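K.L.:
Here you go, start.cif (mmCIF, C-alpha atoms):
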data_protein
loop_
_atom_site.label_atom_id
_atom_site.label_comp_id
_atom_site.auth_asym_id
_atom_site.auth_seq_id
_atom_site.Cartn_x
_atom_site.Cartn_y
_atom_site.Cartn_z
CA MET D 1 71.12 120.29 100.42
CA LEU D 2 71.96 120.64 96.73
CA THR D 3 70.14 123.62 95.30
CA GLU D 4 69.16 124.27 91.71
CA PRO D 5 71.99 126.35 90.21
CA ARG D 6 71.14 129.26 87.96
CA ALA D 7 73.58 127.75 85.48
CA GLY D 8 71.41 124.64 85.46
CA ARG D 9 68.28 126.58 84.56
CA LEU D 10 70.10 128.53 81.84
CA ALA D 11 71.61 125.39 80.32
CA ALA D 12 68.47 123.25 80.53
CA TRP D 13 66.03 125.78 79.11
CA GLY D 14 68.62 127.21 76.73
CA ASN D 15 69.10 123.72 75.31
CA ALA D 16 65.34 123.31 74.92
CA LEU D 17 65.16 126.65 73.12
CA LEU D 18 68.09 125.83 70.84
CA ALA D 19 66.38 122.55 69.95
CA GLY D 20 63.12 124.36 69.11
CA LEU D 21 61.18 122.63 71.90
CA VAL D 22 60.09 125.79 73.78
CA SER D 23 59.40 129.39 72.88
CA PRO D 24 61.86 132.18 73.77
CA ASP D 25 59.35 133.65 76.25
CA ASP D 26 58.87 130.32 78.05
CA ALA D 27 62.62 129.70 78.17
CA VAL D 28 63.39 133.13 79.61
CA LEU D 29 60.59 132.86 82.18
CA ALA D 30 61.96 129.52 83.40
CA ILE D 31 65.58 130.72 83.47
CA VAL D 32 64.81 133.88 85.45
CA GLY D 33 62.64 132.00 87.95
CA GLU D 34 62.14 134.06 91.10
CA ASP D 35 64.85 136.57 90.19
CA ALA D 36 63.85 140.02 89.00
CA VAL D 37 65.84 140.12 85.78
CA HIS D 38 68.77 138.49 83.98
CA ARG D 39 71.07 140.31 81.56
CA VAL D 40 74.05 139.19 79.49
CA GLU D 41 77.19 141.31 79.24
CA GLY D 42 80.15 140.94 76.90
CA LEU D 43 78.43 139.42 73.87
CA PRO D 44 80.38 139.99 70.65
CA GLY D 45 78.92 142.99 68.84
CA GLU D 46 77.14 144.37 71.93
CA SER D 47 78.59 147.30 73.87
CA ALA D 48 76.10 147.04 76.76
CA PRO D 49 74.23 144.28 78.61
CA VAL D 50 71.29 142.76 76.73
CA GLY D 51 68.29 140.68 77.71
CA LEU D 52 68.23 136.89 77.70
CA THR D 53 66.05 136.61 74.60
CA LEU D 54 68.45 138.63 72.46
CA ALA D 55 71.48 136.95 74.06
CA LEU D 56 70.30 133.40 73.36
CA GLY D 57 69.44 134.34 69.78
CA ARG D 58 72.86 135.94 69.32
CA LEU D 59 74.64 132.90 70.74
CA ARG D 60 72.76 130.67 68.30
CA ALA D 61 73.84 132.95 65.45
CA LEU D 62 77.45 132.69 66.66
CA GLY D 63 77.30 128.92 66.29
CA VAL D 64 76.22 127.75 69.73
CA THR D 65 74.18 124.54 69.49
CA GLY D 66 74.18 123.45 73.13
CA LEU D 67 74.96 124.52 76.69
CA ARG D 68 76.82 122.66 79.42
CA VAL D 69 76.98 123.31 83.18
CA ALA D 70 80.07 123.63 85.37
CA LEU D 71 79.81 123.48 89.18
CA PRO D 72 83.41 123.94 90.39
CA ALA D 73 84.55 123.95 94.00
CA PRO D 74 88.00 124.50 95.53
CA GLY D 75 90.21 121.64 94.39
CA HIS D 76 87.54 120.33 92.01
CA PRO D 77 87.23 122.10 88.61
CA LEU D 78 84.04 120.20 87.78
CA GLY D 79 82.89 120.94 84.24
CA LEU D 80 85.54 123.56 83.48
CA CYS D 81 87.75 123.63 80.39
CA GLY D 82 89.88 126.77 80.78
CA PRO D 83 91.47 129.22 80.27
CA PRO D 84 92.55 130.32 83.80
CA GLU D 85 90.58 133.59 83.73
CA PHE D 86 87.31 131.82 82.99
CA ASN D 87 88.05 129.07 85.51
CA ALA D 88 88.80 131.62 88.24
CA ARG D 89 85.58 133.57 87.60
CA ALA D 90 83.55 130.35 87.54
CA LEU D 91 85.16 129.09 90.75
CA ASP D 92 84.36 132.37 92.48
CA ALA D 93 80.71 132.11 91.37
CA GLU D 94 80.67 128.33 92.02
CA GLU D 95 78.89 127.82 88.70
CA ALA D 96 79.08 128.61 85.00
CA VAL D 97 77.70 127.68 81.60
CA VAL D 98 79.99 126.50 78.79
CA CYS D 99 78.76 126.80 75.21
CA TYR D 100 78.97 123.91 72.76
CA GLY D 101 79.64 124.82 69.13
CA ALA D 102 81.40 128.12 69.87
CA ALA D 103 84.13 128.96 72.39
CA PHE D 104 82.17 131.02 74.90
CA GLY D 105 81.34 130.64 78.58
CA LEU D 106 78.92 132.52 80.83
CA VAL D 107 79.50 133.24 84.51
CA PRO D 108 76.74 134.76 86.69
CA GLU D 109 77.18 137.74 88.97
CA VAL D 110 74.32 138.18 91.44
CA TYR D 111 73.18 141.52 92.87
CA GLU D 112 70.77 141.63 95.81
CA ALA D 113 68.97 144.62 97.32
CA GLY D 114 66.10 145.15 99.73
CA PRO D 115 65.08 143.96 103.20
CA GLU D 116 64.86 140.31 104.25
CA GLY D 117 61.75 138.74 102.79
CA ASP D 118 61.60 141.26 99.94
CA VAL D 119 64.99 140.88 98.29
CA HIS D 120 65.30 142.10 94.71
CA VAL D 121 67.73 139.88 92.76
CA GLU D 122 69.35 140.81 89.46
CA VAL D 123 71.77 138.56 87.61
CA VAL D 124 74.37 139.58 85.04
CA TRP D 125 75.89 136.79 82.95
CA HIS D 126 79.42 137.68 81.84
CA VAL D 127 80.46 136.20 78.48
CA LEU D 128 84.10 135.08 78.41
CA PRO D 129 86.23 133.08 75.97
CA VAL D 130 86.80 129.40 76.80
CA ARG D 131 88.95 126.62 75.43
CA GLU D 132 87.32 124.07 73.17
CA ALA D 133 88.21 121.08 75.32
CA PRO D 134 86.35 118.29 77.14
CA PRO D 135 84.90 119.44 80.49
CA ALA D 136 86.74 118.29 83.59
CA ASP D 137 85.56 115.25 85.60
CA VAL D 138 82.01 114.95 84.21
CA PRO D 139 80.69 111.35 84.23
CA SER D 140 78.15 109.85 81.87
CA LEU D 141 74.58 109.55 83.12
CA GLY D 142 75.04 105.83 83.65
CA GLU D 143 78.21 106.33 85.66
CA ALA D 144 76.58 109.09 87.70
CA GLU D 145 73.58 106.93 88.55
CA ARG D 146 75.79 104.05 89.72
CA GLU D 147 78.03 106.37 91.73
CA LEU D 148 75.02 108.03 93.38
CA ALA D 149 73.53 104.72 94.47
CA GLU D 150 76.79 103.90 96.20
CA ALA D 151 77.06 107.43 97.62
CA LEU D 152 73.57 107.13 99.12
CA ARG D 153 74.62 103.97 100.93
CA GLU D 154 77.82 105.62 102.12
CA ALA D 155 75.97 108.70 103.37
CA THR D 156 73.51 106.57 105.32
CA GLU D 157 76.35 104.59 106.88
CA VAL D 158 78.20 107.78 107.85
CA LEU D 159 75.10 109.31 109.41
CA THR D 160 74.40 106.15 111.35
CA ARG D 161 77.98 105.98 112.60
CA LEU D 162 77.84 109.63 113.66
CA ASP D 163 74.49 109.04 115.42
CA VAL D 164 72.60 111.36 113.08
CA ALA D 165 70.19 108.85 111.61
CA GLY D 166 69.33 107.59 115.10
CA SER D 167 68.80 110.99 116.69
CA GLY D 168 65.03 110.67 116.70
CA PRO D 169 62.36 113.34 116.06
CA VAL D 170 64.84 116.20 115.70
CA ALA D 171 66.56 114.63 112.72
CA GLU D 172 63.22 113.58 111.20
CA ALA D 173 61.94 117.16 111.50
CA ALA D 174 65.10 118.43 109.85
CA ILE D 175 64.71 115.99 106.94
CA ASP D 176 61.07 117.05 106.50
CA ALA D 177 62.13 120.72 106.42
CA TYR D 178 64.79 120.04 103.81
CA ARG D 179 62.31 118.12 101.69
CA ALA D 180 59.79 120.97 101.89
CA ARG D 181 62.42 123.48 100.80
CA ALA D 182 63.44 121.17 97.95
CA GLU D 183 59.84 120.97 96.74
CA ARG D 184 59.52 124.77 96.73
CA GLY D 185 62.61 125.12 94.56
CA ARG D 186 62.34 121.81 92.77
CA GLU D 187 64.86 121.08 90.02
CA VAL D 188 62.88 120.41 86.86
CA LEU D 189 64.67 119.70 83.61
CA ALA D 190 63.37 121.27 80.45
CA PRO D 191 61.74 119.41 77.54
CA GLY D 192 64.13 117.25 75.54
CA TYR D 193 65.99 115.67 78.45
CA PRO D 194 66.01 111.88 78.85
CA PRO D 195 64.06 110.38 81.79
CA ARG D 196 67.30 109.01 83.20
CA ALA D 197 68.59 112.57 83.66
CA VAL D 198 65.52 113.41 85.76
CA ARG D 199 66.10 110.30 87.89
CA VAL D 200 69.75 111.22 88.42
CA LEU D 201 68.83 114.74 89.56
CA GLU D 202 66.24 113.37 91.97
CA LEU D 203 68.74 110.91 93.47
CA ALA D 204 71.34 113.67 93.75
CA ARG D 205 68.78 115.71 95.71
CA ARG D 206 68.16 112.82 98.10
CA VAL D 207 71.89 112.51 98.73
CA GLY D 208 72.12 116.27 99.18
CA THR D 209 69.30 116.21 101.73
CA LEU D 210 71.19 113.71 103.85
CA ILE D 211 74.35 115.81 103.62
CA GLY D 212 72.42 118.92 104.61
CA VAL D 213 70.96 117.28 107.70
CA ALA D 214 74.35 115.93 108.72
CA THR D 215 76.08 119.29 108.47
CA GLU D 216 73.41 121.24 110.34
CA SER D 217 74.59 121.84 113.90
CA GLY D 218 72.41 120.55 116.72
CA HIS D 219 71.19 117.32 115.14
CA GLY D 220 72.41 113.89 116.19
CA GLY D 221 74.86 112.79 118.82
CA ALA D 222 77.79 114.91 117.60
CA VAL D 223 77.16 118.58 118.34
CA SER D 224 80.56 120.17 118.99
CA SER D 225 82.16 122.28 116.27
CA ALA D 226 84.95 119.70 115.94
CA GLU D 227 82.44 116.90 115.46
CA ILE D 228 80.38 118.92 112.95
CA SER D 229 83.63 119.52 111.04
CA ALA D 230 84.30 115.79 111.13
CA ARG D 231 80.85 115.14 109.63
CA ARG D 232 81.56 117.53 106.77
CA GLU D 233 84.91 115.93 106.09
CA ALA D 234 83.45 112.42 106.15
CA LEU D 235 80.72 113.42 103.70
CA ARG D 236 82.89 115.51 101.37
CA PRO D 237 83.38 112.66 98.83
CA VAL D 238 79.63 112.03 98.86
CA GLU D 239 78.88 115.69 98.18
CA ARG D 240 81.36 115.68 95.30
CA THR D 241 79.62 112.66 93.78
CA ALA D 242 76.25 114.42 94.03
CA ARG D 243 77.59 117.54 92.29
CA ARG D 244 79.13 115.42 89.52
CA ALA D 245 75.74 113.80 89.02
CA GLN D 246 74.02 117.18 88.79
CA VAL D 247 76.39 118.26 86.05
CA ALA D 248 75.99 114.95 84.21
CA ALA D 249 72.20 115.37 84.22
CA TYR D 250 72.24 118.95 82.94
CA ASN D 251 74.85 118.12 80.30
CA SER D 252 73.23 114.89 79.11
CA VAL D 253 71.56 116.42 76.04
CA VAL D 254 74.86 117.73 74.70
CA GLU D 255 76.72 114.54 75.62
CA GLU D 256 74.13 112.43 73.75
CA ARG D 257 74.48 114.68 70.73
CA GLU D 258 78.26 114.24 70.78
CA ARG D 259 77.87 110.47 70.86
CA GLY D 260 75.35 110.59 68.01
CA VAL D 261 72.47 109.29 70.13
CA ARG D 262 70.15 111.92 68.73
#
Using the file provided, produce a representation of the structure as structure tokens.

P.N.:
Amino acid sequence: MLTEPRAGRLAAWGNALLAGLVSPDDAVLAIVGEDAVHRVEGLPGESAPVGLTLALGRLRALGVTGLRVALPAPGHPLGLCGPPEFNARALDAEEAVVCYGAAFGLVPEVYEAGPEGDVHVEVVWHVLPVREAPPADVPSLGEAERELAEALREATEVLTRLDVAGSGPVAEAAIDAYRARAERGREVLAPGYPPRAVRVLELARRVGTLIGVATESGHGGAVSSAEISARREALRPVERTARRAQVAAYNSVVEERERGVR
């Protein structure tokens, strides 16, 4: 299942704040979510980590007018623009935020402590220089929506062929569980995003749910490790399409601004 990336929350609510659509307190509350605290390290002019409110204000003063998301995976530098150091850190974290208007990027580092069920999570966003270049492999919202519709059909066909969709109550229970978890951590875009972006995120989640069920061992006709691996391989292009759609949705405000839509 596709989860809501921290980079997505930072970009979405940071964009709303930069546009004057939400207050700093509301933006920070939404970005932090269920984490304990977020700090930003490496800001120009700051020798120590600072809080999100100060960091977002400082980025605005440095010329940042928008925030984009990157969700890279091995062999797929989705949303990245270089240089190699930033790309490597983002790939290790599997997510990053790239500033628009000034050549900075932010990569999260997550610290967890405490027993299961009472985990204390702190996040440090590291500010690094980036190249001012178009992000890699990010489709438009329209392209993402069309690709996702096709990906949903492909995922359903793959699951049927692998005897996942026809595996009865077990698969249905798994889908219900995934949906419940998705509702608890529901991806909600901030004010200022077009309705189409919300639709694209919702469709990406549906595709991600199918992928999650397919790659969970014990569901469907194929249960061996080799067959589970085959499922993952068959659905890899579908998962890539869903991630591209996520990035397109989060980045849509900046992309529209570049095209002069608003």

K.L.:
Using only C-alpha atoms, find the one residue out of D:Ser225, D:Thr209, D:Ser47, D:Ser252 that sits nearest to D:Thr3.

P.N.:
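Comparing D:Ser225, D:Thr209, D:Ser47, D:Ser252 against D:Thr3, the winner is D:Thr209.
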
K.L.:
Using all atoms listed in the file, which residues sit within 8 Å of stretch 72-87 of chain D once same-chain residues fewer than 2 positions away are excluded, as an MDAnalysis selection string?

P.N.:
chainID D and resid 68:70 89:91 94:95 98 105 128:138 244 247

K.L.:
I'd like the contact shell of stretch 149-160 of chain D - 8 Å cut-off, only C-alpha atoms, skipping same-chain residues fewer than 4 positions apart - returned as a ChimeraX atom specification.

P.N.:
/D:145,164-166,203,206-207,210-211,214,234-235,238,241-242

K.L.:
Name the residues captured by the PyMOL selection byres ((chain D and resi 51) around 12) when it is applied to the shown file; answer as number ranges by chain.

P.N.:
D: 24-25, 28-29, 31-32, 37-43, 46, 48-50, 52-58, 122-125

K.L.:
By how many Å are atom CA of D:Ala27 and atom CA of D:Gly14 apart?

P.N.:
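Atom CA of D:Gly14 lies at a distance of 6.7 Å from atom CA of D:Ala27.
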
K.L.:
Restricting the calculation to only C-alpha atoms, which member of D:Gly208, D:Pro44, D:Gly63, D:Pro191 is positioned closest to D:Leu148?

P.N.:
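Closest candidate: D:Gly208.
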
K.L.:
What residues come out when you apply the PyMOL selection byres ((chain D and resi 66) around 8) to this file, written as a ChimeraX atom specification?

P.N.:
/D:11,14-15,18,64-65,67-68,99-101,254

K.L.:
Pick from D:Ala248, D:Val107, D:Ala30, D:Leu10: nearest to D:Ala204, with only C-alpha atoms counted?

P.N.:
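Nearest to D:Ala204: D:Ala248.
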
K.L.:
Draw an axis-aligned box tight on the listed atoms of stretch 196-207 of chain D, then pad every side by 4 Å and write out centre and edge lengths in Å to one decimal as AutoDock Vina command-line options.

P.N.:
--center_x 68.7 --center_y 112.4 --center_z 91.0 --size_x 14.4 --size_y 14.7 --size_z 23.5

K.L.:
Show me, as a list in words, the residues that have an atom within 10 Å of D:Glu112 when counting all atoms listed in the file, minus same-chain residues fewer than 5 positions from it.

P.N.:
Asp35, Ala36, Val119, His120, Val121, Glu122 and Val123 of chain D

K.L.:
What gap, in Å, lies between atom CA of D:Val22 and atom CA of D:Arg205?

P.N.:
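The value is 25.7 Å.
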
K.L.:
Could you tell me how far atom CA of D:Ala96 sits from atom CA of D:Arg199, in Å to one decimal place?

P.N.:
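Value for the atom CA of D:Arg199-atom CA of D:Ala96 distance: 22.6 Å.
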